[in-house]
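**Q** Below is the structure I would like to discuss, written out as structure tokens.
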Amino acid sequence: MRARVPVLLAVLASGLAACATDGAAPRPSALLLQPVGPSPWVEDFGDPELRQLLDRADLGSLDVKTALARLERATAEGDRARASRSPVVQIGLAGAVGGDSFSRGRTAATPTLEASYDIDLWGRRRAAIAAASNEALAAAAEVEQARRTVAAETVRTWVALRADQSAVAAAHRRLVRAQHQADLIAVRIREGVVDAPAAAAAAEAIAEARANEAGLGLDIAGDERRLAGLLGVADPVAPGPGDLPRFAPAPADVSSDVVDALPEVRAAFARLHAADARRAEAVAATRPQFQLVAALGAPDAAVSTLLDVKALAWALAGALTQTVLDGGARKADVARASAEADLAELAWRAAVLQGWSDIQGALAEEAKAGSRLEIADRAADRAAAMFEISVRRHDAGVIDGVALTEAEAAQDDARLAVINARKTLLDAVVTRHLAEPNDG
């Protein structure tokens, strides 16, 4: 009989452990986390390749996956808080072996079943559930914001890449033109029209054009690496060449009510509600607590009584407790929760003000960028007209080849200014989309 109790306890422990772990699915890799539903960012400027990059970034970005992992944690904490509404039921087996001397011994065992339930007299559990639910809402809003931010950075990087690709062609033309101009100056030096410093200036222009072209190549490589980081891959991403899209600036008119729909404002507001609920939970914890306990087959606490086979068949108990002296711990908990609520309110107000400032600033920058693009377009048209005039004058023998290359350089510089102005406008458009609550 002495060996039966330990063996029986071991068998029951194994069975209970199997029940506790039954159905626990293996933890999937965090890299498999993916957002649900369409992306909150829709602006792709009608470019299929950019649309594909945006889809890949939404699914592969590590920043988005990090936000999803935080949402997963907040959801689990909410489930844990809601589980507190259910009674706690414990089953087990109590047993002992012993005796009043080393020559004699006895064994005893009894199954146990205990159920307990905390009566939520003051709403403490309800407040904890509300806090956890609002934290989950805040985490969901932060997932949306992470997806929008990653999409915005993807578009910005794509715009920078397109601008650098366009600038490379202009840089190569500048190098070819600088070399041609150097050849023309060499001829004029031999004819005695210009002196040696002109040749040095031409050589310097060639070196500068080469450095500019090489620098743009490095910029393109950097753009491709940044795209890879946004897409969550190691190898550089190299989209094919293309032109920057044309885009008209948006009218600078928006209602202040839209700020409430911003993901960051929604997250701050949800955390304010969560902080208020935690303050209510702290206050409820200072009040009397009531618990009901039901037991079936519970052994007496004294082992001697158990060995004498004296055990309770069943029991029902209630306990009402109130802490009267804790060194000020509960008071400090309430003060801390109140301070956290104050901080959450300030954070929400700051998010509202910052959101409104960002929207107004983005609209103003987009309007200014649109004006600069119009100026650059007009300057490019004038440079193109002047180049056509220079071509005719060169054909008529009025100007030489050096003057013609200078007119061509002015035209290329004006075109490059248009590219930069369009890039600035597109950056402003992306900033405005990110600042506004609803993309598109």
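Chains: A, B, ... in order of the structure tokens. Residues: from 1 per chain. Ligands: from 1, in order shown.
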Using only C-alpha atoms, which protein or nucleic acid residues come within 12 Å of Asp381 in chain A? Drop anything in the same chain fewer than 2 positions from it, and give the result as a list in words.
**A**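 Skipping anything fewer than 2 positions along the chain leaves Glu374, Ile375, Ala376, Asp377, Arg378, Ala379, Ala383, Ala384, Ala385, Met386, Phe387, Glu388, Ala410, Gln411, Asp412, Asp413, Ala414, Arg415, Ala417 and Val418 of chain A.
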**Q** Keeping only N, CA and C atoms, write those residues as a PDB file, in the first residue's frame.
**A**
```pdb
ATOM      1  N   GLU A 374       5.304  74.586 -61.072  1.00  0.00           N
ATOM      2  CA  GLU A 374       4.828  75.426 -62.180  1.00  0.00           C
ATOM      3  C   GLU A 374       5.928  76.361 -62.653  1.00  0.00           C
ATOM      4  N   ILE A 375       6.664  76.947 -61.721  1.00  0.00           N
ATOM      5  CA  ILE A 375       7.771  77.840 -62.096  1.00  0.00           C
ATOM      6  C   ILE A 375       8.837  77.072 -62.851  1.00  0.00           C
ATOM      7  N   ALA A 376       9.175  75.857 -62.348  1.00  0.00           N
ATOM      8  CA  ALA A 376      10.203  75.054 -63.011  1.00  0.00           C
ATOM      9  C   ALA A 376       9.758  74.630 -64.406  1.00  0.00           C
ATOM     10  N   ASP A 377       8.479  74.305 -64.567  1.00  0.00           N
ATOM     11  CA  ASP A 377       7.978  73.929 -65.897  1.00  0.00           C
ATOM     12  C   ASP A 377       8.098  75.100 -66.878  1.00  0.00           C
ATOM     13  N   ARG A 378       7.756  76.308 -66.427  1.00  0.00           N
ATOM     14  CA  ARG A 378       7.872  77.465 -67.315  1.00  0.00           C
ATOM     15  C   ARG A 378       9.336  77.742 -67.667  1.00  0.00           C
ATOM     16  N   ALA A 379      10.222  77.599 -66.693  1.00  0.00           N
ATOM     17  CA  ALA A 379      11.648  77.807 -66.960  1.00  0.00           C
ATOM     18  C   ALA A 379      12.169  76.767 -67.949  1.00  0.00           C
ATOM     19  N   ALA A 383      13.904  77.413 -71.569  1.00  0.00           N
ATOM     20  CA  ALA A 383      15.219  76.865 -71.909  1.00  0.00           C
ATOM     21  C   ALA A 383      15.152  76.041 -73.188  1.00  0.00           C
ATOM     22  N   ALA A 384      14.061  75.293 -73.373  1.00  0.00           N
ATOM     23  CA  ALA A 384      13.907  74.504 -74.589  1.00  0.00           C
ATOM     24  C   ALA A 384      13.767  75.412 -75.808  1.00  0.00           C
ATOM     25  N   ALA A 385      13.019  76.510 -75.652  1.00  0.00           N
ATOM     26  CA  ALA A 385      12.879  77.459 -76.764  1.00  0.00           C
ATOM     27  C   ALA A 385      14.209  78.113 -77.099  1.00  0.00           C
ATOM     28  N   MET A 386      14.976  78.477 -76.074  1.00  0.00           N
ATOM     29  CA  MET A 386      16.286  79.089 -76.313  1.00  0.00           C
ATOM     30  C   MET A 386      17.228  78.108 -76.992  1.00  0.00           C
ATOM     31  N   PHE A 387      17.131  76.838 -76.639  1.00  0.00           N
ATOM     32  CA  PHE A 387      18.001  75.861 -77.291  1.00  0.00           C
ATOM     33  C   PHE A 387      17.646  75.720 -78.772  1.00  0.00           C
ATOM     34  N   GLU A 388      16.351  75.723 -79.091  1.00  0.00           N
ATOM     35  CA  GLU A 388      15.947  75.651 -80.499  1.00  0.00           C
ATOM     36  C   GLU A 388      16.466  76.864 -81.277  1.00  0.00           C
ATOM     37  N   ALA A 410      21.995  74.442 -70.444  1.00  0.00           N
ATOM     38  CA  ALA A 410      20.938  75.190 -69.751  1.00  0.00           C
ATOM     39  C   ALA A 410      19.600  74.464 -69.858  1.00  0.00           C
ATOM     40  N   GLN A 411      19.351  73.847 -71.013  1.00  0.00           N
ATOM     41  CA  GLN A 411      18.105  73.097 -71.181  1.00  0.00           C
ATOM     42  C   GLN A 411      18.082  71.880 -70.270  1.00  0.00           C
ATOM     43  N   ASP A 412      19.208  71.155 -70.189  1.00  0.00           N
ATOM     44  CA  ASP A 412      19.259  69.979 -69.317  1.00  0.00           C
ATOM     45  C   ASP A 412      19.131  70.372 -67.851  1.00  0.00           C
ATOM     46  N   ASP A 413      19.750  71.487 -67.467  1.00  0.00           N
ATOM     47  CA  ASP A 413      19.638  71.946 -66.083  1.00  0.00           C
ATOM     48  C   ASP A 413      18.190  72.293 -65.744  1.00  0.00           C
ATOM     49  N   ALA A 414      17.486  72.904 -66.694  1.00  0.00           N
ATOM     50  CA  ALA A 414      16.081  73.252 -66.460  1.00  0.00           C
ATOM     51  C   ALA A 414      15.229  71.987 -66.341  1.00  0.00           C
ATOM     52  N   ARG A 415      15.530  70.982 -67.169  1.00  0.00           N
ATOM     53  CA  ARG A 415      14.796  69.719 -67.069  1.00  0.00           C
ATOM     54  C   ARG A 415      15.062  69.030 -65.726  1.00  0.00           C
ATOM     55  N   ALA A 417      15.812  70.547 -62.988  1.00  0.00           N
ATOM     56  CA  ALA A 417      15.073  71.315 -61.976  1.00  0.00           C
ATOM     57  C   ALA A 417      13.613  70.892 -61.931  1.00  0.00           C
ATOM     58  N   VAL A 418      13.034  70.561 -63.087  1.00  0.00           N
ATOM     59  CA  VAL A 418      11.658  70.062 -63.121  1.00  0.00           C
ATOM     60  C   VAL A 418      11.566  68.724 -62.395  1.00  0.00           C
TER      61      VAL A 418
END
```
**Q** Might you pull out every residue within 12 Å of Leu343 in chain A, with only C-alpha atoms counted and same-chain residues fewer than 4 positions away left off, and present them as a PDB file with N, CA and C atoms, in the first residue's frame?
**A**
```
ATOM      1  N   ALA A 268      -4.253  56.996 -28.969  1.00  0.00           N
ATOM      2  CA  ALA A 268      -4.096  57.773 -27.739  1.00  0.00           C
ATOM      3  C   ALA A 268      -5.408  57.855 -26.971  1.00  0.00           C
ATOM      4  N   PHE A 269      -6.522  57.983 -27.693  1.00  0.00           N
ATOM      5  CA  PHE A 269      -7.824  58.072 -27.030  1.00  0.00           C
ATOM      6  C   PHE A 269      -8.182  56.743 -26.369  1.00  0.00           C
ATOM      7  N   ARG A 271      -6.052  54.577 -25.234  1.00  0.00           N
ATOM      8  CA  ARG A 271      -5.192  54.428 -24.051  1.00  0.00           C
ATOM      9  C   ARG A 271      -5.667  55.331 -22.910  1.00  0.00           C
ATOM     10  N   LEU A 272      -6.288  56.460 -23.250  1.00  0.00           N
ATOM     11  CA  LEU A 272      -6.878  57.294 -22.210  1.00  0.00           C
ATOM     12  C   LEU A 272      -8.007  56.536 -21.502  1.00  0.00           C
ATOM     13  N   HIS A 273      -8.864  55.871 -22.284  1.00  0.00           N
ATOM     14  CA  HIS A 273      -9.933  55.075 -21.682  1.00  0.00           C
ATOM     15  C   HIS A 273      -9.351  53.931 -20.856  1.00  0.00           C
ATOM     16  N   ALA A 274      -8.282  53.307 -21.359  1.00  0.00           N
ATOM     17  CA  ALA A 274      -7.656  52.215 -20.613  1.00  0.00           C
ATOM     18  C   ALA A 274      -7.097  52.711 -19.285  1.00  0.00           C
ATOM     19  N   ALA A 275      -6.483  53.885 -19.300  1.00  0.00           N
ATOM     20  CA  ALA A 275      -5.928  54.442 -18.065  1.00  0.00           C
ATOM     21  C   ALA A 275      -7.030  54.779 -17.076  1.00  0.00           C
ATOM     22  N   ASP A 276      -8.139  55.323 -17.564  1.00  0.00           N
ATOM     23  CA  ASP A 276      -9.279  55.597 -16.680  1.00  0.00           C
ATOM     24  C   ASP A 276      -9.809  54.308 -16.055  1.00  0.00           C
ATOM     25  N   ARG A 336      -0.823  56.307  -8.414  1.00  0.00           N
ATOM     26  CA  ARG A 336      -0.096  55.988  -9.644  1.00  0.00           C
ATOM     27  C   ARG A 336      -1.050  55.850 -10.825  1.00  0.00           C
ATOM     28  N   ALA A 337      -2.174  55.153 -10.611  1.00  0.00           N
ATOM     29  CA  ALA A 337      -3.150  54.996 -11.695  1.00  0.00           C
ATOM     30  C   ALA A 337      -3.714  56.347 -12.110  1.00  0.00           C
ATOM     31  N   SER A 338      -3.921  57.241 -11.139  1.00  0.00           N
ATOM     32  CA  SER A 338      -4.424  58.574 -11.473  1.00  0.00           C
ATOM     33  C   SER A 338      -3.400  59.358 -12.286  1.00  0.00           C
ATOM     34  N   ALA A 339      -2.134  59.250 -11.914  1.00  0.00           N
ATOM     35  CA  ALA A 339      -1.083  59.933 -12.674  1.00  0.00           C
ATOM     36  C   ALA A 339      -0.976  59.379 -14.087  1.00  0.00           C
ATOM     37  N   ALA A 347      -1.249  62.979 -23.412  1.00  0.00           N
ATOM     38  CA  ALA A 347      -0.778  62.364 -24.662  1.00  0.00           C
ATOM     39  C   ALA A 347      -1.842  62.442 -25.741  1.00  0.00           C
ATOM     40  N   TRP A 348      -3.095  62.240 -25.361  1.00  0.00           N
ATOM     41  CA  TRP A 348      -4.188  62.335 -26.345  1.00  0.00           C
ATOM     42  C   TRP A 348      -4.325  63.764 -26.861  1.00  0.00           C
ATOM     43  N   ARG A 349      -4.298  64.745 -25.955  1.00  0.00           N
ATOM     44  CA  ARG A 349      -4.399  66.140 -26.388  1.00  0.00           C
ATOM     45  C   ARG A 349      -3.226  66.518 -27.291  1.00  0.00           C
ATOM     46  N   ALA A 350      -2.028  66.042 -26.946  1.00  0.00           N
ATOM     47  CA  ALA A 350      -0.860  66.330 -27.786  1.00  0.00           C
ATOM     48  C   ALA A 350      -0.996  65.683 -29.154  1.00  0.00           C
TER      49      ALA A 350
END
```
**Q** From a DSSP calculation on the backbone, collect every residue of range 203-427 of chain A in helix (DSSP H, G or I) and output the set as a PyMOL selection string.
**A** chain A and resi 203-231+256-261+263-285+303-307+329-395+401-427
**Q** Write out as a list in words the residues lying within 7 Å of range 171-178 of chain A, counting only C-alpha atoms and excluding same-chain residues fewer than 3 positions away.
**A**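 The filter keeps Ala167, Val168, Gln181, Ala182, Ala202, Ala205, Ile206, Ala209, Arg210, Asn212, Glu213, Thr405 and Ala409 of chain A.
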